[in-house]
Number of protein chains: 2
Amino acid sequence: MLEYVSDAADPRLADYTGLRDVGLRKSLEAERGLFLAEGEKVIRRAVGAGYPVRSVLTTERWLPSLADVLGDALVYVVSDEIMTGVAGFPVHRGALASMERLPLPPVEEVLAGASRVVVLEDLVDHSNIGAIFRCAAALGVDAVVLSPRCADPLYRRSVKVSMGSVFSIPYARMGNWFDGLARLRELGFRSLALTPDQSATPLDQVKMGDRVALLLGSEGDGLSSRWLREADEAVCIPMSAQAMAAGVDSLNVVAAAAIACHGLMRA
Amino acid sequence: MLEYVSDAADPRLADYTGLRDVGLRKSLEAERGLFLAEGEKVIRRAVGAGYPVRSVLTTERWLPSLADVLGDALVYVVSDEIMTGVAGFPVHRGALASMERLPLPPVEEVLAGASRVVVLEDLVDHSNIGAIFRCAAALGVDAVVLSPRCADPLYRRSVKVSMGSVFSIPYARMGNWFDGLARLRELGFRSLALTPDQSATPLDQVKMGDRVALLLGSEGDGLSSRWLREADEAVCIPMSAQAMAAGVDSLNVVAAAAIACHGLMRA
């Protein structure tokens with residue numbers, strides 16, 4: 001169903017307001033239980049994953065590429081100027097969809113049939129979350145578990161960087177950080193804590209078992225001392241001694257996560 | 001030597017003009033044989049690597065953190081407003097240095113003592129170049145070789161993303177793309193072409209030898225058919241069949257490069 005809107009302040013566009021304002025978006029998306037998908041491919045993946053469409057915001061030009069995926073969804077058609085005005089920036093491939101969130105499954109459900117999982121502790125950067133979901137999905141990780149303080153994988157920036165992988169890989173959020181690892185152990189998972197500490201076991205030498213959880217820490221601080229202590233084994237990516245001596249931050253968090261996820265997938 | 005400058009149009013600041021304008025910077029940097037380092041840590045690494053300082057642009061506030069590294073370099077001290085005005089954006093940690101380029105060594109020289117090298121074919125994105133240098137340096141790759149059309153590792157954005165790794169890992173640029181791989185072979189290197197094609201040998205199963213060159217292709221197209229054909233072996237990162245079916249771009253180029261560089265470093 002097409003509705004032509006010619007005023008950026010039209011209340012029908014309220015789901016799309018203030019895209020650049022993280023604070024505003026967080027409260028707005030929480031209140032209304034929505035998230036945004038940007039661009040035809042990502043919208044297609046969200047719809048394919050079963051998220052209901054609240055509405056779509058696009059321009060005349062992009063309608064044809066979306067026609068088959070939208071069905072009878074409510075589509076607001078606007079000019080390029082209004083599109084940019086509402087969003088505050090040029091929208092990737094001229095289409096935004098406001099989608100309904102679905103209830104997150106409990107950790108137990110997400111881990112039920114899983115054998116290789118990634119657990120993120122307090123990752124707060126939306127791009128990093130998206131990039132790690134993308135790696136995990138590409139390499140065949142079965143599920144992702146987030147600590148309570150991790151950023152939202154359905155935030156626009158995460159969704160975009162993940163190329164929609166946040167829709168294809170099951171994930172859950174722990175209710176409780178303190179007992180998080182104990183719960184994983186009860187569910188039969190051995191936990192590997194990734195650390196830059198080069199005295200840890202090189203990841204390639206770890207004997208993987210049936211059910212393995214790879215723990216990745218936050219961008220600045222790495223894993224908490226509690227999780228490092230509670231994990232079954234500390235593992236590292238072997239680094240150049242010269243690079244280590246030259247200072248911190250030798251691998252960025254996404255590169256480290258990519259290498260670690262790849263290592264996790266060994267038989 | 002401190003000089004206080006109170007006019008953004010002062011000709012003494014000409015090295016720092018138009019930082020956002022890639023075209024302008026390319027011609028300006030080529031003409032004057034310079035590049036820019038941003039922030040105290042990166043400036044420190046550039047100086048440590050032996051690049052001569054033409055001048056430094058900073059504000060009063062950041063002078064103390066730079067004092068020990070600058071020696072008798074020419075330092076232009078400006079207000080925050082002029083700093084932002086000249087750069088066109090807030091400068092990371094308030095300091096820019098204009099450095100003299102040094103002549104690039106020939107490929108032969110860079111490869112002389114090397115056993116693990118990365119060869120980039122036509123990578124044009126400055127951030128990707130920087131990120132790959134950072135990975136390569138962190139993991140202990142001995143050298144990087146660029147095809148003639150690769151972007152400049154000393155461009156500001158590359159330097160920044162690399163965290164200064166472009167200064168620590170030796171690199172050279174091929175004079176000739178067509179015979180590039182033949183030249184590597186003459187120098188005793190076996191070449192591995194990274195491809196998304198899942199019928200290639202999984203990287204972890206490749207028998208590494210004494211001298212191995214890992215070939216990484218451009219962001220969109222991957223390696224050219226000529227290089228794929230001429231390489232000694234095609235190698236792949238095993239991907240989830242589901243992710244492959246879901247479409248292209250399953251791993252971004254930096255994640256793939258990180259995994260591949262890590263694989264390259266096996267004994």
# chains A, B, ... in the order shown; residues from 1 in each chain; ligands from 1
call {"tool": "closest_atom_pairs", "arguments": {"of": "chain B", "to": "chain A", "cutoff": "8 Å", "atoms": "only C-alpha atoms", "output": "CSV"}}
result
residue,atom,partner,partner_atom,distance
B:Arg134,CA,A:Leu251,CA,6.9
B:Cys135,CA,A:Leu251,CA,6.0
B:Ala137,CA,A:Ala243,CA,6.5
B:Ala138,CA,A:Ala243,CA,5.2
B:Leu139,CA,A:Met239,CA,4.7
B:Gly140,CA,A:Ser240,CA,4.4
B:Pro238,CA,A:Leu139,CA,7.0
B:Met239,CA,A:Leu139,CA,4.7
B:Ser240,CA,A:Gly140,CA,4.4
B:Ala241,CA,A:Gly140,CA,7.8
B:Gln242,CA,A:Gly140,CA,7.8
B:Ala243,CA,A:Ala138,CA,5.2
B:Met244,CA,A:Ala138,CA,7.4
B:Ser250,CA,A:Ala138,CA,5.2
B:Leu251,CA,A:Cys135,CA,5.9
B:Val254,CA,A:Ala255,CA,7.0
B:Ala255,CA,A:Ala255,CA,5.5
B:Ala256,CA,A:Ala258,CA,7.6
B:Ala258,CA,A:Ala255,CA,5.5
B:Ile259,CA,A:Ile259,CA,4.8
B:His262,CA,A:Ile259,CA,7.0
call {"tool": "closest_atom_pairs", "arguments": {"of": "stretch 75-135 of chain B", "to": "stretch 176-182 of chain B", "cutoff": "10 Å", "atoms": "only C-alpha atoms", "output": "tab-separated table"}}
result
residue	atom	partner	partner_atom	distance
B:Val107	CA	B:Gly180	CA	9.9
B:Val119	CA	B:Leu181	CA	9.5
B:Glu121	CA	B:Trp177	CA	8.5
B:Asp122	CA	B:Trp177	CA	9.4
call {"tool": "select_by_dssp", "arguments": {"residues": "stretch 109-252 of chain B", "states": "strand (DSSP E)", "output": "list of chain:residue names"}}
result
B:Arg116, B:Val117, B:Val118, B:Val119, B:Leu120, B:Ala143, B:Val144, B:Val145, B:Leu146, B:Tyr171, B:Ala172, B:Arg173, B:Arg190, B:Ser191, B:Leu192, B:Ala193, B:Leu194, B:Thr201, B:Pro202, B:Val212, B:Ala213, B:Leu214, B:Leu215, B:Leu216, B:Glu233, B:Ala234, B:Val235, B:Cys236
call {"tool": "calpha_fit_and_write", "arguments": {"fixed": "chain B", "moving": "chain A", "output": "JSON list (two decimals) with C-alpha atoms, in the first residue's frame"}}
result
[["chain", "number", "residue", "atom", "x", "y", "z"],
["A", 1, "MET", "CA", 61.27, 25.59, 16.92],
["A", 2, "LEU", "CA", 57.81, 27.00, 17.66],
["A", 3, "GLU", "CA", 55.97, 29.35, 15.32],
["A", 4, "TYR", "CA", 52.57, 30.69, 16.32],
["A", 5, "VAL", "CA", 50.18, 30.98, 13.38],
["A", 6, "SER", "CA", 46.90, 32.87, 13.70],
["A", 7, "ASP", "CA", 45.48, 32.69, 10.19],
["A", 8, "ALA", "CA", 44.15, 29.48, 8.62],
["A", 9, "ALA", "CA", 45.15, 30.83, 5.19],
["A", 10, "ASP", "CA", 48.78, 31.35, 6.22],
["A", 11, "PRO", "CA", 50.94, 29.84, 3.46],
["A", 12, "ARG", "CA", 53.10, 28.10, 6.05],
["A", 13, "LEU", "CA", 50.14, 25.73, 6.64],
["A", 14, "ALA", "CA", 49.94, 24.71, 2.98],
["A", 15, "ASP", "CA", 51.07, 21.11, 3.64],
["A", 16, "TYR", "CA", 47.93, 20.65, 5.75],
["A", 17, "THR", "CA", 45.33, 22.08, 3.39],
["A", 18, "GLY", "CA", 42.34, 20.14, 2.08],
["A", 19, "LEU", "CA", 42.78, 17.01, 4.16],
["A", 20, "ARG", "CA", 39.38, 15.72, 3.14],
["A", 21, "ASP", "CA", 40.00, 16.16, -0.56],
["A", 22, "VAL", "CA", 41.58, 12.92, -1.81],
["A", 23, "GLY", "CA", 42.35, 14.30, -5.27],
["A", 24, "LEU", "CA", 43.98, 17.46, -3.98],
["A", 25, "ARG", "CA", 45.98, 15.57, -1.39],
["A", 26, "LYS", "CA", 47.21, 13.02, -3.92],
["A", 27, "SER", "CA", 48.65, 15.66, -6.21],
["A", 28, "LEU", "CA", 49.93, 17.83, -3.37],
["A", 29, "GLU", "CA", 51.64, 14.92, -1.63],
["A", 30, "ALA", "CA", 53.13, 13.63, -4.86],
["A", 31, "GLU", "CA", 54.44, 17.06, -5.86],
["A", 32, "ARG", "CA", 56.02, 17.78, -2.53],
["A", 33, "GLY", "CA", 56.99, 14.22, -1.61],
["A", 34, "LEU", "CA", 55.27, 14.33, 1.73],
["A", 35, "PHE", "CA", 52.69, 12.46, 3.77],
["A", 36, "LEU", "CA", 50.81, 13.20, 6.97],
["A", 37, "ALA", "CA", 50.92, 11.42, 10.31],
["A", 38, "GLU", "CA", 48.10, 12.10, 12.79],
["A", 39, "GLY", "CA", 48.25, 11.87, 16.57],
["A", 40, "GLU", "CA", 51.17, 11.51, 18.93],
["A", 41, "LYS", "CA", 51.57, 7.72, 18.72],
["A", 42, "VAL", "CA", 51.59, 7.58, 14.95],
["A", 43, "ILE", "CA", 53.93, 10.58, 14.66],
["A", 44, "ARG", "CA", 56.23, 8.87, 17.11],
["A", 45, "ARG", "CA", 56.28, 5.70, 15.01],
["A", 46, "ALA", "CA", 56.97, 7.62, 11.81],
["A", 47, "VAL", "CA", 59.88, 9.47, 13.40],
["A", 48, "GLY", "CA", 61.15, 6.23, 14.92],
["A", 49, "ALA", "CA", 61.08, 4.64, 11.47],
["A", 50, "GLY", "CA", 63.40, 7.37, 10.18],
["A", 51, "TYR", "CA", 61.07, 9.63, 8.20],
["A", 52, "PRO", "CA", 62.27, 13.25, 8.39],
["A", 53, "VAL", "CA", 59.78, 15.78, 9.83],
["A", 54, "ARG", "CA", 58.97, 18.73, 7.54],
["A", 55, "SER", "CA", 56.78, 20.40, 10.15],
["A", 56, "VAL", "CA", 54.18, 19.71, 12.81],
["A", 57, "LEU", "CA", 50.78, 21.35, 13.24],
["A", 58, "THR", "CA", 49.35, 21.27, 16.75],
["A", 59, "THR", "CA", 47.74, 23.27, 19.53],
["A", 60, "GLU", "CA", 49.23, 24.50, 22.80],
["A", 61, "ARG", "CA", 47.47, 21.71, 24.65],
["A", 62, "TRP", "CA", 49.24, 18.87, 22.83],
["A", 63, "LEU", "CA", 52.76, 20.34, 22.86],
["A", 64, "PRO", "CA", 53.93, 18.62, 26.05],
["A", 65, "SER", "CA", 53.09, 15.10, 24.82],
["A", 66, "LEU", "CA", 55.13, 15.73, 21.67],
["A", 67, "ALA", "CA", 58.10, 17.56, 23.16],
["A", 68, "ASP", "CA", 60.47, 14.61, 23.44],
["A", 69, "VAL", "CA", 59.83, 13.29, 19.95],
["A", 70, "LEU", "CA", 60.06, 16.53, 17.97],
["A", 71, "GLY", "CA", 63.61, 17.61, 18.74],
["A", 72, "ASP", "CA", 64.29, 20.76, 16.74],
["A", 73, "ALA", "CA", 61.47, 20.20, 14.24],
["A", 74, "LEU", "CA", 59.49, 23.18, 12.99],
["A", 75, "VAL", "CA", 56.21, 23.28, 14.95],
["A", 76, "TYR", "CA", 53.26, 25.47, 13.98],
["A", 77, "VAL", "CA", 51.12, 26.18, 17.02],
["A", 78, "VAL", "CA", 47.53, 27.18, 16.26],
["A", 79, "SER", "CA", 44.20, 27.55, 18.05],
["A", 80, "ASP", "CA", 41.65, 24.73, 18.09],
["A", 81, "GLU", "CA", 39.54, 26.72, 15.63],
["A", 82, "ILE", "CA", 42.33, 27.06, 13.09],
["A", 83, "MET", "CA", 43.28, 23.41, 13.55],
["A", 84, "THR", "CA", 39.75, 22.29, 12.71],
["A", 85, "GLY", "CA", 39.44, 24.93, 9.99],
["A", 86, "VAL", "CA", 42.57, 23.83, 8.17],
["A", 87, "ALA", "CA", 41.86, 20.11, 8.50],
["A", 88, "GLY", "CA", 38.11, 20.31, 7.91],
["A", 89, "PHE", "CA", 37.42, 18.01, 10.86],
["A", 90, "PRO", "CA", 38.57, 17.49, 14.48],
["A", 91, "VAL", "CA", 42.09, 16.10, 14.30],
["A", 92, "HIS", "CA", 42.78, 12.95, 16.29],
["A", 93, "ARG", "CA", 44.69, 13.89, 19.42],
["A", 94, "GLY", "CA", 45.34, 17.38, 18.11],
["A", 95, "ALA", "CA", 48.53, 16.87, 16.15],
["A", 96, "LEU", "CA", 49.48, 16.44, 12.51],
["A", 97, "ALA", "CA", 52.98, 16.03, 11.17],
["A", 98, "SER", "CA", 54.03, 16.58, 7.60],
["A", 99, "MET", "CA", 56.76, 14.03, 6.91],
["A", 100, "GLU", "CA", 59.11, 13.53, 4.00],
["A", 101, "ARG", "CA", 58.65, 10.41, 1.96],
["A", 102, "LEU", "CA", 61.65, 8.16, 1.46],
["A", 103, "PRO", "CA", 62.32, 6.37, -1.83],
["A", 104, "LEU", "CA", 60.53, 3.01, -1.88],
["A", 105, "PRO", "CA", 62.96, 0.10, -2.04],
["A", 106, "PRO", "CA", 62.73, -2.23, -5.05],
["A", 107, "VAL", "CA", 60.72, -5.46, -4.66],
["A", 108, "GLU", "CA", 63.91, -7.54, -4.66],
["A", 109, "GLU", "CA", 65.32, -5.67, -1.70],
["A", 110, "VAL", "CA", 62.16, -5.99, 0.38],
["A", 111, "LEU", "CA", 61.93, -9.71, -0.32],
["A", 112, "ALA", "CA", 65.63, -10.48, 0.18],
["A", 113, "GLY", "CA", 65.40, -11.93, 3.69],
["A", 114, "ALA", "CA", 61.65, -12.56, 3.75],
["A", 115, "SER", "CA", 59.91, -15.90, 4.13],
["A", 116, "ARG", "CA", 56.23, -14.91, 4.52],
["A", 117, "VAL", "CA", 54.89, -12.09, 2.39],
["A", 118, "VAL", "CA", 51.51, -10.65, 1.42],
["A", 119, "VAL", "CA", 50.93, -9.40, -2.11],
["A", 120, "LEU", "CA", 47.98, -7.05, -2.70],
["A", 121, "GLU", "CA", 46.46, -6.79, -6.18],
["A", 122, "ASP", "CA", 44.66, -3.53, -6.94],
["A", 123, "LEU", "CA", 43.34, -2.74, -3.47],
["A", 124, "VAL", "CA", 42.06, 0.81, -3.81],
["A", 125, "ASP", "CA", 40.49, 1.48, -0.44],
["A", 126, "HIS", "CA", 42.82, 3.36, 1.93],
["A", 127, "SER", "CA", 41.21, 1.94, 5.06],
["A", 128, "ASN", "CA", 41.51, -1.62, 3.83],
["A", 129, "ILE", "CA", 45.17, -1.09, 2.94],
["A", 130, "GLY", "CA", 45.81, 0.26, 6.44],
["A", 131, "ALA", "CA", 43.92, -2.54, 8.16],
["A", 132, "ILE", "CA", 45.76, -5.23, 6.20],
["A", 133, "PHE", "CA", 49.15, -3.67, 7.00],
["A", 134, "ARG", "CA", 48.16, -3.68, 10.66],
["A", 135, "CYS", "CA", 47.20, -7.37, 10.58],
["A", 136, "ALA", "CA", 50.31, -8.33, 8.66],
["A", 137, "ALA", "CA", 52.58, -6.49, 11.07],
["A", 138, "ALA", "CA", 50.83, -7.88, 14.14],
["A", 139, "LEU", "CA", 51.05, -11.45, 12.93],
["A", 140, "GLY", "CA", 54.68, -11.22, 11.85],
["A", 141, "VAL", "CA", 54.43, -11.15, 8.05],
["A", 142, "ASP", "CA", 57.86, -10.11, 6.75],
["A", 143, "ALA", "CA", 56.89, -7.78, 3.91],
["A", 144, "VAL", "CA", 54.05, -6.48, 1.74],
["A", 145, "VAL", "CA", 54.21, -6.10, -2.04],
["A", 146, "LEU", "CA", 51.68, -3.88, -3.85],
["A", 147, "SER", "CA", 50.53, -4.17, -7.43],
["A", 148, "PRO", "CA", 50.98, -0.94, -9.39],
["A", 149, "ARG", "CA", 47.35, 0.12, -8.93],
["A", 150, "CYS", "CA", 47.06, -0.32, -5.16],
["A", 151, "ALA", "CA", 46.26, 2.73, -3.07],
["A", 152, "ASP", "CA", 49.01, 4.58, -1.22],
["A", 153, "PRO", "CA", 49.84, 3.11, 2.23],
["A", 154, "LEU", "CA", 51.11, 6.54, 3.31],
["A", 155, "TYR", "CA", 47.83, 8.28, 2.60],
["A", 156, "ARG", "CA", 46.53, 9.79, 5.87],
["A", 157, "ARG", "CA", 43.62, 7.38, 6.22],
["A", 158, "SER", "CA", 45.82, 4.30, 5.60],
["A", 159, "VAL", "CA", 48.42, 5.48, 8.08],
["A", 160, "LYS", "CA", 45.75, 6.11, 10.72],
["A", 161, "VAL", "CA", 43.92, 2.80, 10.31],
["A", 162, "SER", "CA", 47.23, 0.94, 10.29],
["A", 163, "MET", "CA", 48.12, 2.61, 13.63],
["A", 164, "GLY", "CA", 51.47, 3.34, 12.07],
["A", 165, "SER", "CA", 52.15, -0.25, 10.97],
["A", 166, "VAL", "CA", 52.89, 1.09, 7.48],
["A", 167, "PHE", "CA", 56.15, 2.36, 9.00],
["A", 168, "SER", "CA", 57.18, -0.91, 10.63],
["A", 169, "ILE", "CA", 56.61, -3.49, 7.90],
["A", 170, "PRO", "CA", 58.78, -3.21, 4.76],
["A", 171, "TYR", "CA", 56.87, -2.81, 1.53],
["A", 172, "ALA", "CA", 57.48, -2.22, -2.15],
["A", 173, "ARG", "CA", 55.42, -1.56, -5.26],
["A", 174, "MET", "CA", 55.73, -3.71, -8.37],
["A", 175, "GLY", "CA", 56.69, -1.81, -11.48],
["A", 176, "ASN", "CA", 54.74, -4.21, -13.62],
["A", 177, "TRP", "CA", 51.53, -6.10, -12.92],
["A", 178, "PHE", "CA", 51.69, -8.45, -15.89],
["A", 179, "ASP", "CA", 54.96, -10.11, -14.91],
["A", 180, "GLY", "CA", 54.58, -9.59, -11.20],
["A", 181, "LEU", "CA", 54.08, -13.21, -10.24],
["A", 182, "ALA", "CA", 56.80, -14.47, -12.56],
["A", 183, "ARG", "CA", 59.20, -12.17, -10.72],
["A", 184, "LEU", "CA", 58.08, -13.57, -7.35],
["A", 185, "ARG", "CA", 58.73, -17.07, -8.62],
["A", 186, "GLU", "CA", 62.21, -16.15, -9.81],
["A", 187, "LEU", "CA", 62.89, -14.92, -6.30],
["A", 188, "GLY", "CA", 61.97, -18.35, -4.95],
["A", 189, "PHE", "CA", 58.46, -17.65, -3.67],
["A", 190, "ARG", "CA", 55.57, -20.06, -3.98],
["A", 191, "SER", "CA", 52.36, -18.08, -4.46],
["A", 192, "LEU", "CA", 48.99, -18.87, -2.86],
["A", 193, "ALA", "CA", 45.97, -17.15, -4.40],
["A", 194, "LEU", "CA", 43.15, -16.55, -1.91],
["A", 195, "THR", "CA", 39.76, -17.13, -3.50],
["A", 196, "PRO", "CA", 36.21, -17.51, -2.18],
["A", 197, "ASP", "CA", 35.92, -20.61, -4.43],
["A", 198, "GLN", "CA", 35.28, -23.44, -1.99],
["A", 199, "SER", "CA", 36.76, -26.05, -4.30],
["A", 200, "ALA", "CA", 40.22, -24.56, -3.68],
["A", 201, "THR", "CA", 42.50, -26.04, -1.01],
["A", 202, "PRO", "CA", 41.49, -24.95, 2.51],
["A", 203, "LEU", "CA", 44.24, -22.66, 3.74],
["A", 204, "ASP", "CA", 44.84, -24.75, 6.86],
["A", 205, "GLN", "CA", 45.68, -27.78, 4.74],
["A", 206, "VAL", "CA", 48.29, -26.11, 2.58],
["A", 207, "LYS", "CA", 51.82, -27.30, 3.12],
["A", 208, "MET", "CA", 53.79, -24.12, 3.67],
["A", 209, "GLY", "CA", 57.37, -24.02, 2.48],
["A", 210, "ASP", "CA", 60.34, -21.76, 2.99],
["A", 211, "ARG", "CA", 59.17, -18.79, 0.98],
["A", 212, "VAL", "CA", 55.45, -18.22, 0.57],
["A", 213, "ALA", "CA", 53.57, -15.27, -0.94],
["A", 214, "LEU", "CA", 49.86, -14.87, -0.15],
["A", 215, "LEU", "CA", 47.98, -13.06, -2.92],
["A", 216, "LEU", "CA", 44.95, -10.97, -1.88],
["A", 217, "GLY", "CA", 42.64, -9.42, -4.46],
["A", 218, "SER", "CA", 40.62, -6.26, -4.65],
["A", 219, "GLU", "CA", 37.56, -5.51, -2.54],
["A", 220, "GLY", "CA", 34.95, -6.16, -5.19],
["A", 221, "ASP", "CA", 36.38, -8.47, -7.78],
["A", 222, "GLY", "CA", 38.96, -10.57, -5.99],
["A", 223, "LEU", "CA", 42.12, -11.55, -7.84],
["A", 224, "SER", "CA", 42.40, -11.09, -11.59],
["A", 225, "SER", "CA", 42.02, -14.22, -13.68],
["A", 226, "ARG", "CA", 45.64, -13.84, -14.76],
["A", 227, "TRP", "CA", 46.96, -13.96, -11.21],
["A", 228, "LEU", "CA", 44.58, -16.75, -10.24],
["A", 229, "ARG", "CA", 45.82, -18.79, -13.18],
["A", 230, "GLU", "CA", 49.49, -18.02, -12.62],
["A", 231, "ALA", "CA", 49.55, -18.67, -8.88],
["A", 232, "ASP", "CA", 51.04, -21.94, -7.69],
["A", 233, "GLU", "CA", 47.97, -22.89, -5.68],
["A", 234, "ALA", "CA", 44.47, -21.54, -5.09],
["A", 235, "VAL", "CA", 43.50, -21.51, -1.42],
["A", 236, "CYS", "CA", 40.23, -20.73, 0.37],
["A", 237, "ILE", "CA", 38.85, -20.06, 3.82],
["A", 238, "PRO", "CA", 36.19, -22.68, 4.51],
["A", 239, "MET", "CA", 32.82, -20.97, 4.75],
["A", 240, "SER", "CA", 29.41, -21.95, 5.98],
["A", 241, "ALA", "CA", 27.45, -23.44, 3.08],
["A", 242, "GLN", "CA", 24.40, -21.56, 4.31],
["A", 243, "ALA", "CA", 26.25, -18.24, 4.26],
["A", 244, "MET", "CA", 27.59, -18.93, 0.78],
["A", 245, "ALA", "CA", 24.08, -19.68, -0.46],
["A", 246, "ALA", "CA", 22.78, -16.47, 1.12],
["A", 247, "GLY", "CA", 24.96, -14.43, -1.19],
["A", 248, "VAL", "CA", 28.20, -12.67, -1.86],
["A", 249, "ASP", "CA", 30.39, -10.75, 0.55],
["A", 250, "SER", "CA", 30.23, -13.32, 3.30],
["A", 251, "LEU", "CA", 33.50, -12.16, 4.84],
["A", 252, "ASN", "CA", 34.71, -8.62, 4.39],
["A", 253, "VAL", "CA", 38.14, -8.16, 2.89],
["A", 254, "VAL", "CA", 39.83, -7.30, 6.20],
["A", 255, "ALA", "CA", 38.39, -10.29, 8.05],
["A", 256, "ALA", "CA", 39.44, -12.57, 5.20],
["A", 257, "ALA", "CA", 42.91, -11.01, 5.14],
["A", 258, "ALA", "CA", 43.28, -11.46, 8.91],
["A", 259, "ILE", "CA", 42.39, -15.14, 8.72],
["A", 260, "ALA", "CA", 44.61, -15.66, 5.69],
["A", 261, "CYS", "CA", 47.61, -13.87, 7.23],
["A", 262, "HIS", "CA", 47.23, -15.98, 10.34],
["A", 263, "GLY", "CA", 47.13, -19.12, 8.20],
["A", 264, "LEU", "CA", 50.20, -17.96, 6.30],
["A", 265, "MET", "CA", 52.24, -17.83, 9.51],
["A", 266, "ARG", "CA", 52.09, -21.57, 10.20],
["A", 267, "ALA", "CA", 55.43, -23.33, 10.14]]
call {"tool": "select_by_dssp", "arguments": {"residues": "stretch 16-157 of chain B", "states": "helix (DSSP H, G or I)", "output": "PyMOL selection string"}}
result
chain B and resi 16+22-32+40-48+60-70+80-87+92-94+107-111+126-139+156-157
call {"tool": "decode", "arguments": {"residues": "stretch 21-33 of chain B", "atoms": "N, CA and C atoms", "output": "compact mmCIF listing (two decimals), in the first residue's frame"}}
result
# COMPACT_ATOMS: atom_id res chain seq x y z
N ASP B 21 40.10 16.24 0.88
CA ASP B 21 40.01 16.18 -0.58
C ASP B 21 41.07 15.21 -1.12
N VAL B 22 40.63 13.98 -1.42
CA VAL B 22 41.58 12.94 -1.82
C VAL B 22 42.37 13.37 -3.05
N GLY B 23 41.67 13.93 -4.03
CA GLY B 23 42.34 14.32 -5.27
C GLY B 23 43.42 15.37 -5.03
N LEU B 24 43.05 16.41 -4.31
CA LEU B 24 44.00 17.47 -3.98
C LEU B 24 45.19 16.92 -3.21
N ARG B 25 44.91 16.09 -2.21
CA ARG B 25 46.00 15.56 -1.39
C ARG B 25 46.94 14.71 -2.22
N LYS B 26 46.37 13.91 -3.11
CA LYS B 26 47.23 13.03 -3.92
C LYS B 26 48.23 13.85 -4.73
N SER B 27 47.74 14.91 -5.38
CA SER B 27 48.67 15.67 -6.23
C SER B 27 49.62 16.47 -5.35
N LEU B 28 49.09 17.02 -4.26
CA LEU B 28 49.93 17.83 -3.38
C LEU B 28 51.04 16.97 -2.76
N GLU B 29 50.65 15.78 -2.31
CA GLU B 29 51.64 14.92 -1.65
C GLU B 29 52.67 14.38 -2.64
N ALA B 30 52.20 14.11 -3.85
CA ALA B 30 53.13 13.62 -4.87
C ALA B 30 54.12 14.72 -5.25
N GLU B 31 53.59 15.94 -5.48
CA GLU B 31 54.46 17.06 -5.87
C GLU B 31 55.52 17.37 -4.82
N ARG B 32 55.10 17.34 -3.58
CA ARG B 32 56.02 17.78 -2.53
C ARG B 32 56.73 16.61 -1.85
N GLY B 33 56.35 15.39 -2.22
CA GLY B 33 57.00 14.23 -1.62
C GLY B 33 56.79 14.14 -0.12
